[in-house]
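Printed here is final.pdb (PDB, C-alpha atoms, pLDDT in the B column):
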```pdb
ATOM      1  CA  MET A   1      39.528  32.664  28.873  1.00 50.00           C
ATOM      2  CA  THR A   2      40.327  34.865  31.859  1.00 54.00           C
ATOM      3  CA  TRP A   3      44.011  33.957  31.975  1.00 61.00           C
ATOM      4  CA  LYS A   4      44.339  34.427  28.203  1.00 77.00           C
ATOM      5  CA  LYS A   5      42.889  37.933  28.296  1.00 76.00           C
ATOM      6  CA  LYS A   6      44.785  38.728  31.512  1.00 83.00           C
ATOM      7  CA  ARG A   7      41.798  40.471  33.031  1.00 85.00           C
ATOM      8  CA  ILE A   8      38.631  39.758  34.995  1.00 90.00           C
ATOM      9  CA  ILE A   9      35.684  39.546  32.626  1.00 89.00           C
ATOM     10  CA  PRO A  10      32.456  41.073  33.983  1.00 92.00           C
ATOM     11  CA  ASN A  11      29.375  38.882  34.224  1.00 94.00           C
ATOM     12  CA  ASP A  12      27.370  40.861  31.655  1.00 94.00           C
ATOM     13  CA  GLU A  13      30.188  40.665  29.118  1.00 92.00           C
ATOM     14  CA  VAL A  14      30.471  36.891  29.489  1.00 91.00           C
ATOM     15  CA  LYS A  15      26.725  36.422  28.997  1.00 93.00           C
ATOM     16  CA  ASP A  16      26.660  38.827  26.059  1.00 92.00           C
ATOM     17  CA  GLN A  17      29.490  36.973  24.333  1.00 91.00           C
ATOM     18  CA  ILE A  18      27.991  33.528  24.876  1.00 91.00           C
ATOM     19  CA  SER A  19      24.484  34.587  23.842  1.00 92.00           C
ATOM     20  CA  ARG A  20      25.806  35.871  20.504  1.00 92.00           C
ATOM     21  CA  GLN A  21      27.937  32.863  19.562  1.00 91.00           C
ATOM     22  CA  ARG A  22      25.149  31.428  17.446  1.00 93.00           C
ATOM     23  CA  PRO A  23      21.879  32.824  16.031  1.00 94.00           C
ATOM     24  CA  TYR A  24      19.888  31.257  18.869  1.00 93.00           C
ATOM     25  CA  ARG A  25      16.916  33.595  18.549  1.00 93.00           C
ATOM     26  CA  ASP A  26      16.547  32.811  14.841  1.00 94.00           C
ATOM     27  CA  TRP A  27      16.839  29.079  15.493  1.00 93.00           C
ATOM     28  CA  VAL A  28      14.037  29.210  18.053  1.00 93.00           C
ATOM     29  CA  GLN A  29      11.744  31.420  15.967  1.00 93.00           C
ATOM     30  CA  GLN A  30      12.181  29.263  12.863  1.00 93.00           C
ATOM     31  CA  ASN A  31      11.853  25.835  14.486  1.00 92.00           C
ATOM     32  CA  ARG A  32       9.851  26.007  17.709  1.00 93.00           C
ATOM     33  CA  ILE A  33       6.146  25.414  17.154  1.00 94.00           C
ATOM     34  CA  PRO A  34       3.445  26.264  19.736  1.00 95.00           C
ATOM     35  CA  LEU A  35       0.931  23.458  20.207  1.00 94.00           C
ATOM     36  CA  SER A  36      -1.852  26.026  19.858  1.00 93.00           C
ATOM     37  CA  SER A  37      -0.763  26.804  16.290  1.00 93.00           C
ATOM     38  CA  ILE A  38      -1.084  23.212  15.054  1.00 94.00           C
ATOM     39  CA  PRO A  39      -4.393  22.837  13.163  1.00 92.00           C
ATOM     40  CA  LEU A  40      -7.077  20.428  14.340  1.00 92.00           C
ATOM     41  CA  LYS A  41      -8.356  18.652  11.257  1.00 90.00           C
ATOM     42  CA  HIS A  42     -11.267  16.801  12.826  1.00 86.00           C
ATOM     43  CA  PRO A  43     -13.349  17.506  15.960  1.00 85.00           C
ATOM     44  CA  VAL A  44     -12.750  14.980  18.715  1.00 86.00           C
ATOM     45  CA  PRO A  45     -15.805  13.610  20.568  1.00 81.00           C
ATOM     46  CA  VAL A  46     -15.282  13.184  24.302  1.00 79.00           C
ATOM     47  CA  ALA A  47     -18.644  11.914  25.519  1.00 81.00           C
ATOM     48  CA  PHE A  48     -19.363   8.295  26.464  1.00 84.00           C
ATOM     49  CA  SER A  49     -22.750   6.666  26.653  1.00 89.00           C
ATOM     50  CA  PRO A  50     -23.715   5.873  30.273  1.00 90.00           C
ATOM     51  CA  GLU A  51     -23.264   2.168  29.564  1.00 91.00           C
ATOM     52  CA  ARG A  52     -19.804   2.621  28.021  1.00 90.00           C
ATOM     53  CA  LEU A  53     -18.740   4.977  30.811  1.00 90.00           C
ATOM     54  CA  HIS A  54     -19.744   2.469  33.483  1.00 90.00           C
ATOM     55  CA  GLU A  55     -17.927  -0.283  31.598  1.00 90.00           C
ATOM     56  CA  MET A  56     -14.737   1.812  31.462  1.00 91.00           C
ATOM     57  CA  GLN A  57     -14.969   2.740  35.145  1.00 90.00           C
ATOM     58  CA  LEU A  58     -15.172  -0.926  36.079  1.00 89.00           C
ATOM     59  CA  ALA A  59     -12.365  -1.903  33.724  1.00 90.00           C
ATOM     60  CA  PHE A  60      -9.989   0.698  35.151  1.00 91.00           C
ATOM     61  CA  GLY A  61     -10.881   0.124  38.790  1.00 88.00           C
ATOM     62  CA  TYR A  62     -12.657   3.367  39.674  1.00 88.00           C
ATOM     63  CA  ASN A  63     -14.717   3.223  42.842  1.00 86.00           C
ATOM     64  CA  ARG A  64     -17.475   5.424  44.251  1.00 88.00           C
ATOM     65  CA  GLU A  65     -15.034   7.433  46.380  1.00 84.00           C
ATOM     66  CA  ASP A  66     -12.894   8.269  43.334  1.00 85.00           C
ATOM     67  CA  ILE A  67     -15.931   9.504  41.447  1.00 89.00           C
ATOM     68  CA  GLU A  68     -17.760  11.379  44.215  1.00 88.00           C
ATOM     69  CA  THR A  69     -14.835  12.962  46.099  1.00 85.00           C
ATOM     70  CA  THR A  70     -12.298  13.503  43.332  1.00 86.00           C
ATOM     71  CA  ILE A  71     -13.698  13.555  39.805  1.00 88.00           C
ATOM     72  CA  ILE A  72     -17.063  15.276  40.383  1.00 89.00           C
ATOM     73  CA  PRO A  73     -15.565  18.243  42.341  1.00 86.00           C
ATOM     74  CA  MET A  74     -12.943  18.705  39.613  1.00 87.00           C
ATOM     75  CA  VAL A  75     -15.610  18.742  36.905  1.00 88.00           C
ATOM     76  CA  THR A  76     -18.302  20.765  38.638  1.00 90.00           C
ATOM     77  CA  GLU A  77     -16.191  23.234  40.646  1.00 87.00           C
ATOM     78  CA  HIS A  78     -13.101  23.382  38.420  1.00 82.00           C
ATOM     79  CA  LYS A  79     -10.731  22.805  41.299  1.00 79.00           C
ATOM     80  CA  GLU A  80      -8.903  20.043  43.083  1.00 76.00           C
ATOM     81  CA  PRO A  81     -10.794  18.517  45.995  1.00 74.00           C
ATOM     82  CA  VAL A  82      -9.550  19.446  49.464  1.00 71.00           C
ATOM     83  CA  GLY A  83      -8.342  16.622  51.650  1.00 66.00           C
ATOM     84  CA  SER A  84      -6.155  15.967  54.654  1.00 64.00           C
ATOM     85  CA  MET A  85      -2.445  15.208  54.350  1.00 62.00           C
ATOM     86  CA  GLY A  86      -2.781  12.047  56.402  1.00 65.00           C
ATOM     87  CA  THR A  87      -4.528   8.849  55.320  1.00 67.00           C
ATOM     88  CA  ASP A  88      -5.484   5.729  57.209  1.00 71.00           C
ATOM     89  CA  THR A  89      -6.157   3.718  54.056  1.00 73.00           C
ATOM     90  CA  PRO A  90      -4.520   0.265  54.338  1.00 78.00           C
ATOM     91  CA  LEU A  91      -1.618  -0.374  51.998  1.00 85.00           C
ATOM     92  CA  ALA A  92      -2.678  -1.977  48.723  1.00 88.00           C
ATOM     93  CA  VAL A  93      -0.253  -4.853  49.235  1.00 89.00           C
ATOM     94  CA  PHE A  94      -2.292  -5.943  52.286  1.00 89.00           C
ATOM     95  CA  SER A  95      -5.652  -5.811  50.496  1.00 86.00           C
ATOM     96  CA  ASP A  96      -7.606  -8.900  49.495  1.00 86.00           C
ATOM     97  CA  LEU A  97      -9.423  -6.897  46.805  1.00 83.00           C
ATOM     98  CA  PRO A  98      -8.166  -5.975  43.320  1.00 83.00           C
ATOM     99  CA  GLN A  99      -6.160  -2.754  43.344  1.00 86.00           C
ATOM    100  CA  ARG A 100      -5.019  -0.366  40.648  1.00 88.00           C
ATOM    101  CA  LEU A 101      -1.265  -0.388  40.117  1.00 91.00           C
ATOM    102  CA  PHE A 102      -1.104   3.266  41.163  1.00 90.00           C
ATOM    103  CA  ASN A 103      -2.316   2.311  44.644  1.00 87.00           C
ATOM    104  CA  TYR A 104       0.887   0.391  45.357  1.00 90.00           C
ATOM    105  CA  PHE A 105       2.928   3.604  45.306  1.00 86.00           C
ATOM    106  CA  LYS A 106       2.768   6.026  48.221  1.00 75.00           C
ATOM    107  CA  GLN A 107       4.095   9.539  48.666  1.00 70.00           C
ATOM    108  CA  SER A 108       6.739   9.424  51.393  1.00 69.00           C
ATOM    109  CA  PHE A 109       7.095  13.148  52.025  1.00 67.00           C
ATOM    110  CA  ALA A 110       5.024  16.259  52.640  1.00 66.00           C
ATOM    111  CA  GLN A 111       5.825  19.730  51.381  1.00 66.00           C
ATOM    112  CA  VAL A 112       4.140  23.019  52.159  1.00 70.00           C
ATOM    113  CA  THR A 113       4.950  26.383  50.610  1.00 63.00           C
ATOM    114  CA  ASN A 114       3.762  29.639  52.077  1.00 67.00           C
ATOM    115  CA  PRO A 115       2.779  31.605  50.128  1.00 69.00           C
ATOM    116  CA  PRO A 116       1.822  29.079  47.422  1.00 69.00           C
ATOM    117  CA  ILE A 117       4.103  28.925  44.406  1.00 74.00           C
ATOM    118  CA  ASP A 118       2.227  28.488  41.152  1.00 80.00           C
ATOM    119  CA  PRO A 119       2.443  29.730  37.555  1.00 82.00           C
ATOM    120  CA  LEU A 120      -0.486  32.110  38.055  1.00 82.00           C
ATOM    121  CA  ARG A 121       0.695  34.110  41.064  1.00 82.00           C
ATOM    122  CA  GLU A 122       4.442  33.600  40.573  1.00 83.00           C
ATOM    123  CA  LYS A 123       4.864  34.044  36.837  1.00 83.00           C
ATOM    124  CA  MET A 124       8.354  35.466  37.219  1.00 85.00           C
ATOM    125  CA  VAL A 125       9.785  32.316  38.806  1.00 85.00           C
ATOM    126  CA  MET A 126       7.558  29.443  37.681  1.00 87.00           C
ATOM    127  CA  THR A 127       5.955  28.197  34.507  1.00 89.00           C
ATOM    128  CA  LEU A 128       4.218  25.041  33.340  1.00 91.00           C
ATOM    129  CA  THR A 129       5.552  25.493  29.799  1.00 92.00           C
ATOM    130  CA  SER A 130       7.332  22.397  28.476  1.00 92.00           C
ATOM    131  CA  TYR A 131       8.614  21.063  25.179  1.00 92.00           C
ATOM    132  CA  ILE A 132       8.456  17.736  23.370  1.00 92.00           C
ATOM    133  CA  GLY A 133      10.509  16.671  20.397  1.00 88.00           C
ATOM    134  CA  THR A 134      13.556  14.713  19.296  1.00 82.00           C
ATOM    135  CA  GLU A 135      16.709  15.383  21.295  1.00 80.00           C
ATOM    136  CA  GLY A 136      19.976  15.760  19.424  1.00 80.00           C
ATOM    137  CA  ASN A 137      23.612  15.633  20.471  1.00 86.00           C
ATOM    138  CA  LEU A 138      23.846  17.836  23.564  1.00 84.00           C
ATOM    139  CA  LEU A 139      27.529  18.513  22.848  1.00 88.00           C
ATOM    140  CA  SER A 140      26.821  20.217  19.521  1.00 88.00           C
ATOM    141  CA  GLU A 141      25.041  23.492  18.829  1.00 89.00           C
ATOM    142  CA  SER A 142      22.632  23.443  15.904  1.00 90.00           C
ATOM    143  CA  ALA A 143      19.133  24.477  14.902  1.00 89.00           C
ATOM    144  CA  GLU A 144      18.059  20.823  15.145  1.00 87.00           C
ATOM    145  CA  HIS A 145      17.780  21.202  18.927  1.00 89.00           C
ATOM    146  CA  CYS A 146      14.961  23.716  18.410  1.00 89.00           C
ATOM    147  CA  HIS A 147      12.677  21.268  16.568  1.00 89.00           C
ATOM    148  CA  MET A 148      10.285  21.233  19.499  1.00 93.00           C
ATOM    149  CA  ILE A 149       6.574  21.603  20.175  1.00 95.00           C
ATOM    150  CA  GLN A 150       5.846  24.067  22.956  1.00 95.00           C
ATOM    151  CA  PHE A 151       2.874  23.439  25.216  1.00 93.00           C
ATOM    152  CA  LYS A 152       1.703  25.640  28.073  1.00 91.00           C
ATOM    153  CA  ARG A 153       0.369  22.993  30.430  1.00 88.00           C
ATOM    154  CA  PRO A 154       1.313  19.386  31.252  1.00 87.00           C
ATOM    155  CA  ILE A 155      -2.185  17.991  30.621  1.00 87.00           C
ATOM    156  CA  PHE A 156      -3.121  17.188  27.027  1.00 89.00           C
ATOM    157  CA  SER A 157      -6.741  17.248  25.936  1.00 90.00           C
ATOM    158  CA  ASN A 158      -8.114  14.785  23.398  1.00 90.00           C
ATOM    159  CA  SER A 159      -7.902  17.573  20.824  1.00 92.00           C
ATOM    160  CA  ASP A 160      -4.252  18.255  21.649  1.00 93.00           C
ATOM    161  CA  VAL A 161      -3.316  14.621  21.119  1.00 93.00           C
ATOM    162  CA  GLU A 162      -5.326  14.462  17.904  1.00 93.00           C
ATOM    163  CA  LYS A 163      -3.553  17.561  16.583  1.00 94.00           C
ATOM    164  CA  ILE A 164      -0.183  15.865  16.873  1.00 93.00           C
ATOM    165  CA  ARG A 165      -1.418  12.496  15.602  1.00 92.00           C
ATOM    166  CA  ASP A 166      -2.981  13.985  12.454  1.00 92.00           C
ATOM    167  CA  TRP A 167      -0.232  16.515  11.788  1.00 92.00           C
ATOM    168  CA  ASP A 168       1.361  16.011   8.386  1.00 90.00           C
ATOM    169  CA  ASN A 169       4.872  17.080   9.380  1.00 90.00           C
ATOM    170  CA  PRO A 170       7.842  14.760   8.652  1.00 89.00           C
ATOM    171  CA  ASN A 171       9.759  16.167  11.628  1.00 87.00           C
ATOM    172  CA  TYR A 172       7.055  15.051  14.052  1.00 91.00           C
ATOM    173  CA  LYS A 173       5.901  11.610  12.939  1.00 93.00           C
ATOM    174  CA  THR A 174       3.523   9.999  15.428  1.00 94.00           C
ATOM    175  CA  ALA A 175       2.706   6.332  15.965  1.00 95.00           C
ATOM    176  CA  THR A 176      -0.173   4.971  18.071  1.00 96.00           C
ATOM    177  CA  LEU A 177       0.327   1.634  19.841  1.00 97.00           C
ATOM    178  CA  GLN A 178      -2.339  -0.361  21.628  1.00 95.00           C
ATOM    179  CA  MET A 179      -1.650  -1.127  25.290  1.00 95.00           C
ATOM    180  CA  THR A 180      -4.220  -3.903  25.574  1.00 96.00           C
ATOM    181  CA  PHE A 181      -4.158  -7.703  25.567  1.00 96.00           C
ATOM    182  CA  PRO A 182      -6.808 -10.439  25.117  1.00 95.00           C
ATOM    183  CA  VAL A 183      -8.711 -11.302  28.280  1.00 94.00           C
ATOM    184  CA  SER A 184      -8.619 -14.933  27.161  1.00 95.00           C
ATOM    185  CA  ASP A 185      -4.824 -14.974  27.650  1.00 95.00           C
ATOM    186  CA  GLY A 186      -5.287 -14.571  31.390  1.00 92.00           C
ATOM    187  CA  PRO A 187      -2.697 -13.028  33.749  1.00 91.00           C
ATOM    188  CA  ALA A 188       0.172 -14.487  31.713  1.00 93.00           C
ATOM    189  CA  GLY A 189      -0.942 -12.411  28.749  1.00 95.00           C
ATOM    190  CA  LEU A 190       0.098  -9.218  30.539  1.00 95.00           C
ATOM    191  CA  GLU A 191       3.816 -10.015  30.409  1.00 95.00           C
ATOM    192  CA  THR A 192       3.604 -11.068  26.764  1.00 96.00           C
ATOM    193  CA  ALA A 193       1.679  -7.909  25.857  1.00 96.00           C
ATOM    194  CA  LEU A 194       4.169  -5.657  27.646  1.00 97.00           C
ATOM    195  CA  GLU A 195       7.080  -7.260  25.822  1.00 97.00           C
ATOM    196  CA  ARG A 196       5.260  -6.863  22.518  1.00 97.00           C
ATOM    197  CA  LEU A 197       4.500  -3.211  23.272  1.00 97.00           C
ATOM    198  CA  CYS A 198       8.150  -2.453  24.038  1.00 97.00           C
ATOM    199  CA  GLN A 199       9.306  -4.153  20.830  1.00 97.00           C
ATOM    200  CA  GLU A 200       6.771  -2.204  18.773  1.00 97.00           C
ATOM    201  CA  ALA A 201       7.864   1.072  20.367  1.00 97.00           C
ATOM    202  CA  GLU A 202      11.527   0.343  19.681  1.00 97.00           C
ATOM    203  CA  ALA A 203      10.721  -0.498  16.058  1.00 97.00           C
ATOM    204  CA  LYS A 204       8.836   2.792  15.603  1.00 96.00           C
ATOM    205  CA  VAL A 205      11.774   4.752  17.010  1.00 93.00           C
ATOM    206  CA  ASP A 206      14.096   2.968  14.575  1.00 94.00           C
ATOM    207  CA  GLU A 207      11.726   3.947  11.764  1.00 94.00           C
ATOM    208  CA  GLY A 208      12.130   7.620  12.644  1.00 91.00           C
ATOM    209  CA  TYR A 209       8.965   8.332  14.618  1.00 93.00           C
ATOM    210  CA  SER A 210       9.285  11.234  17.060  1.00 91.00           C
ATOM    211  CA  PHE A 211       6.222  10.551  19.222  1.00 94.00           C
ATOM    212  CA  ILE A 212       4.575   7.360  20.423  1.00 95.00           C
ATOM    213  CA  VAL A 213       1.022   7.434  21.751  1.00 95.00           C
ATOM    214  CA  LEU A 214       0.089   4.537  24.022  1.00 96.00           C
ATOM    215  CA  SER A 215      -3.649   3.993  23.751  1.00 95.00           C
ATOM    216  CA  ASP A 216      -6.030   1.836  25.775  1.00 93.00           C
ATOM    217  CA  ARG A 217      -9.147   3.006  23.908  1.00 90.00           C
ATOM    218  CA  GLY A 218      -9.665  -0.542  22.681  1.00 91.00           C
ATOM    219  CA  VAL A 219     -10.599  -1.883  26.131  1.00 93.00           C
ATOM    220  CA  ASP A 220     -13.813  -3.926  26.141  1.00 91.00           C
ATOM    221  CA  GLU A 221     -15.108  -7.259  27.387  1.00 90.00           C
ATOM    222  CA  ASN A 222     -12.541  -9.069  25.216  1.00 94.00           C
ATOM    223  CA  ASN A 223      -9.500  -6.824  25.713  1.00 95.00           C
ATOM    224  CA  ALA A 224      -7.957  -5.795  29.037  1.00 94.00           C
ATOM    225  CA  PRO A 225      -5.649  -2.784  29.489  1.00 95.00           C
ATOM    226  CA  ILE A 226      -2.008  -2.893  30.432  1.00 96.00           C
ATOM    227  CA  PRO A 227      -1.884  -0.498  33.427  1.00 95.00           C
ATOM    228  CA  SER A 228      -0.774   2.857  32.037  1.00 95.00           C
ATOM    229  CA  LEU A 229       1.870   3.271  34.734  1.00 95.00           C
ATOM    230  CA  LEU A 230       3.411  -0.078  33.784  1.00 96.00           C
ATOM    231  CA  ALA A 231       3.136   0.520  30.028  1.00 97.00           C
ATOM    232  CA  CYS A 232       4.698   4.006  30.123  1.00 96.00           C
ATOM    233  CA  SER A 233       7.528   3.022  32.456  1.00 95.00           C
ATOM    234  CA  GLY A 234       8.239  -0.155  30.491  1.00 95.00           C
ATOM    235  CA  VAL A 235       8.440   1.668  27.161  1.00 96.00           C
ATOM    236  CA  HIS A 236      10.477   4.483  28.727  1.00 94.00           C
ATOM    237  CA  HIS A 237      13.132   2.121  30.019  1.00 92.00           C
TER     238      HIS A 237
END
```
Would you mind writing the file out in structure tokens?
Amino acid sequence: MTWKKKRIIPNDEVKDQISRQRPYRDWVQQNRIPLSSIPLKHPVPVAFSPERLHEMQLAFGYNREDIETTIIPMVTEHKEPVGSMGTDTPLAVFSDLPQRLFNYFKQSFAQVTNPPIDPLREKMVMTLTSYIGTEGNLLSESAEHCHMIQFKRPIFSNSDVEKIRDWDNPNYKTATLQMTFPVSDGPAGLETALERLCQEAEAKVDEGYSFIVLSDRGVDENNAPIPSLLACSGVHH
């Protein structure tokens, strides 16, 4: 455009022209929906009986250290537990004991910021706000790109998930798929279950569903969970 106009266009003029090409503000205001504004139709219970809680902890491989040094401080003190950057824990691949899939992945870097950068003290440069929804053609400009749900934090509560699952909105259809498999199928059942899960997810996308919830709530003595890391990455790819 510069050579056509035969002049140097100031930065503010370029931004002003581009920002007014389409009614972007109207598109956002009419289509973006804050998660907080979606109604919750039914209260969601979060408590487990002591017996069920212990059963779930065993099924998902939680140990005493996880509970006493990580989970309890987060619940009682509302903060992340403090620990050292180094660890002398043996690699999971060398262990003779069952390990969670997460344990096979290690952070290979360390990063320190001073002062800390977070969305509370550095609101001008950082935010946890994100959006979920169906992506359109990135090469076209239309209001369809603004059909998004806005959420202020990356962690969803049970109520947040239930809001989306129960929401009667054709633009945000949600399907729930079970990421479990029969214990009786043995180790071989994991591969079969993962393949089935991926096929079900693909079918739901073809049917027009915007969101897929992978649930392992059905875990019990007869049904084992597909590790969430494996299930999410498998469906993603």
Do you have the atom CA of A:Arg20-atom CA of A:Met126 distance handy? 25.9 Å
Sorted per-residue table, stretch 196-221 of chain A near stretch 57-78 of chain A, closest atoms and distance, 9 Å, all atoms listed in the file, as CSV:
```
residue,atom,partner,partner_atom,distance
A:Val219,CA,A:Ala59,CA,7.8
A:Asp220,CA,A:Ala59,CA,8.0
A:Glu221,CA,A:Ala59,CA,8.7
```
Can you write out the residues you just picked, keeping C-alpha atoms, as a compact mmCIF listing (two decimals), keeping the file's coordinate frame?
```txt
# COMPACT_ATOMS: atom_id res chain seq x y z
CA VAL A 219 -10.60 -1.88 26.13
CA ASP A 220 -13.81 -3.93 26.14
CA GLU A 221 -15.11 -7.26 27.39
```
List the neighbours of stretch 222-236 of chain A out to 10 Å using all atoms listed in the file; skip same-chain residues closer than 3 positions along the sequence, and give me the result as a PyMOL selection string. chain A and resi 59-60+100-102+178-186+189-191+193-195+197-202+212-219
Could you write those residues out with C-alpha atoms, as a PDB file, keeping the file's coordinate frame?
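Produced file result-v6.pdb, reproduced below:
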```pdb
ATOM      1  CA  ALA A  59     -12.365  -1.903  33.724  1.00 90.00           C
ATOM      2  CA  PHE A  60      -9.989   0.698  35.151  1.00 91.00           C
ATOM      3  CA  ARG A 100      -5.019  -0.366  40.648  1.00 88.00           C
ATOM      4  CA  LEU A 101      -1.265  -0.388  40.117  1.00 91.00           C
ATOM      5  CA  PHE A 102      -1.104   3.266  41.163  1.00 90.00           C
ATOM      6  CA  GLN A 178      -2.339  -0.361  21.628  1.00 95.00           C
ATOM      7  CA  MET A 179      -1.650  -1.127  25.290  1.00 95.00           C
ATOM      8  CA  THR A 180      -4.220  -3.903  25.574  1.00 96.00           C
ATOM      9  CA  PHE A 181      -4.158  -7.703  25.567  1.00 96.00           C
ATOM     10  CA  PRO A 182      -6.808 -10.439  25.117  1.00 95.00           C
ATOM     11  CA  VAL A 183      -8.711 -11.302  28.280  1.00 94.00           C
ATOM     12  CA  SER A 184      -8.619 -14.933  27.161  1.00 95.00           C
ATOM     13  CA  ASP A 185      -4.824 -14.974  27.650  1.00 95.00           C
ATOM     14  CA  GLY A 186      -5.287 -14.571  31.390  1.00 92.00           C
ATOM     15  CA  GLY A 189      -0.942 -12.411  28.749  1.00 95.00           C
ATOM     16  CA  LEU A 190       0.098  -9.218  30.539  1.00 95.00           C
ATOM     17  CA  GLU A 191       3.816 -10.015  30.409  1.00 95.00           C
ATOM     18  CA  ALA A 193       1.679  -7.909  25.857  1.00 96.00           C
ATOM     19  CA  LEU A 194       4.169  -5.657  27.646  1.00 97.00           C
ATOM     20  CA  GLU A 195       7.080  -7.260  25.822  1.00 97.00           C
ATOM     21  CA  LEU A 197       4.500  -3.211  23.272  1.00 97.00           C
ATOM     22  CA  CYS A 198       8.150  -2.453  24.038  1.00 97.00           C
ATOM     23  CA  GLN A 199       9.306  -4.153  20.830  1.00 97.00           C
ATOM     24  CA  GLU A 200       6.771  -2.204  18.773  1.00 97.00           C
ATOM     25  CA  ALA A 201       7.864   1.072  20.367  1.00 97.00           C
ATOM     26  CA  GLU A 202      11.527   0.343  19.681  1.00 97.00           C
ATOM     27  CA  ILE A 212       4.575   7.360  20.423  1.00 95.00           C
ATOM     28  CA  VAL A 213       1.022   7.434  21.751  1.00 95.00           C
ATOM     29  CA  LEU A 214       0.089   4.537  24.022  1.00 96.00           C
ATOM     30  CA  SER A 215      -3.649   3.993  23.751  1.00 95.00           C
ATOM     31  CA  ASP A 216      -6.030   1.836  25.775  1.00 93.00           C
ATOM     32  CA  ARG A 217      -9.147   3.006  23.908  1.00 90.00           C
ATOM     33  CA  GLY A 218      -9.665  -0.542  22.681  1.00 91.00           C
ATOM     34  CA  VAL A 219     -10.599  -1.883  26.131  1.00 93.00           C
TER      35      VAL A 219
END
```
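Proximity ranking of A:Gln107, A:Asn171, A:Gln29, A:Ser37 relative to A:Phe211 places A:Asn171 first, based on all atoms listed in the file.
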Work out how far atom CA of A:Arg196 is from atom CA of A:Tyr104, in Å to one decimal. 24.4 Å
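Here atom CA of A:His147 is placed at a distance of 20.8 Å from atom CA of A:Thr176.
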Given 5 Å on each side, where is the centre and what are the edge lengths in Å to one decimal of the axis-aligned box enclosing the listed atoms of stretch 228-231 of chain A, as AutoDock Vina command-line options?
```
--center_x 1.3 --center_y 1.6 --center_z 32.4 --size_x 14.2 --size_y 13.3 --size_z 14.7
```
Identify all residues satisfying the PyMOL selection byres ((chain A and resi 38) around 9) in the given file; provide them as a list in words. Ile33, Pro34, Leu35, Ser36, Ser37, Pro39, Leu40, Asp160, Lys163, Ile164 and Trp167 of chain A
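Nearest residue to A:Phe151 among A:Thr89, A:Thr129, A:Ser95, A:Thr174 is A:Thr129, counting only C-alpha atoms.
Among the candidates A:Leu53, A:Met148, A:Ala203, A:Val82, the one nearest to A:Arg32 when counting all atoms listed in the file is A:Met148.
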Kindly complete stretch 5-17 of chain A to N, CA and C atoms; the output should be written as a PDB file, in the coordinates of the input.
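Generated output (out.pdb):
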```
ATOM      1  N   LYS A   5      43.118  36.496  28.474  1.00 76.00           N
ATOM      2  CA  LYS A   5      42.889  37.933  28.296  1.00 76.00           C
ATOM      3  C   LYS A   5      43.604  38.760  29.372  1.00 76.00           C
ATOM      4  N   LYS A   6      44.061  38.069  30.431  1.00 83.00           N
ATOM      5  CA  LYS A   6      44.785  38.728  31.512  1.00 83.00           C
ATOM      6  C   LYS A   6      43.959  39.827  32.170  1.00 83.00           C
ATOM      7  N   ARG A   7      42.664  39.537  32.333  1.00 85.00           N
ATOM      8  CA  ARG A   7      41.798  40.471  33.031  1.00 85.00           C
ATOM      9  C   ARG A   7      40.574  39.736  33.549  1.00 85.00           C
ATOM     10  N   ILE A   8      39.877  40.333  34.479  1.00 90.00           N
ATOM     11  CA  ILE A   8      38.631  39.758  34.995  1.00 90.00           C
ATOM     12  C   ILE A   8      37.493  40.207  34.097  1.00 90.00           C
ATOM     13  N   ILE A   9      36.769  39.245  33.562  1.00 89.00           N
ATOM     14  CA  ILE A   9      35.684  39.546  32.626  1.00 89.00           C
ATOM     15  C   ILE A   9      34.379  39.714  33.401  1.00 89.00           C
ATOM     16  N   PRO A  10      33.726  40.850  33.270  1.00 92.00           N
ATOM     17  CA  PRO A  10      32.456  41.073  33.983  1.00 92.00           C
ATOM     18  C   PRO A  10      31.381  40.075  33.566  1.00 92.00           C
ATOM     19  N   ASN A  11      30.450  39.842  34.452  1.00 94.00           N
ATOM     20  CA  ASN A  11      29.375  38.882  34.224  1.00 94.00           C
ATOM     21  C   ASN A  11      28.568  39.206  32.969  1.00 94.00           C
ATOM     22  N   ASP A  12      28.181  40.471  32.810  1.00 94.00           N
ATOM     23  CA  ASP A  12      27.370  40.861  31.655  1.00 94.00           C
ATOM     24  C   ASP A  12      28.110  40.631  30.346  1.00 94.00           C
ATOM     25  N   GLU A  13      29.408  40.863  30.343  1.00 92.00           N
ATOM     26  CA  GLU A  13      30.188  40.665  29.118  1.00 92.00           C
ATOM     27  C   GLU A  13      30.264  39.191  28.747  1.00 92.00           C
ATOM     28  N   VAL A  14      30.429  38.337  29.746  1.00 91.00           N
ATOM     29  CA  VAL A  14      30.471  36.891  29.489  1.00 91.00           C
ATOM     30  C   VAL A  14      29.150  36.421  28.879  1.00 91.00           C
ATOM     31  N   LYS A  15      28.037  36.842  29.487  1.00 93.00           N
ATOM     32  CA  LYS A  15      26.725  36.422  28.997  1.00 93.00           C
ATOM     33  C   LYS A  15      26.452  36.977  27.606  1.00 93.00           C
ATOM     34  N   ASP A  16      26.862  38.214  27.367  1.00 92.00           N
ATOM     35  CA  ASP A  16      26.660  38.827  26.059  1.00 92.00           C
ATOM     36  C   ASP A  16      27.431  38.088  24.983  1.00 92.00           C
ATOM     37  N   GLN A  17      28.663  37.693  25.303  1.00 91.00           N
ATOM     38  CA  GLN A  17      29.490  36.973  24.333  1.00 91.00           C
ATOM     39  C   GLN A  17      28.916  35.599  24.022  1.00 91.00           C
TER      40      GLN A  17
END
```
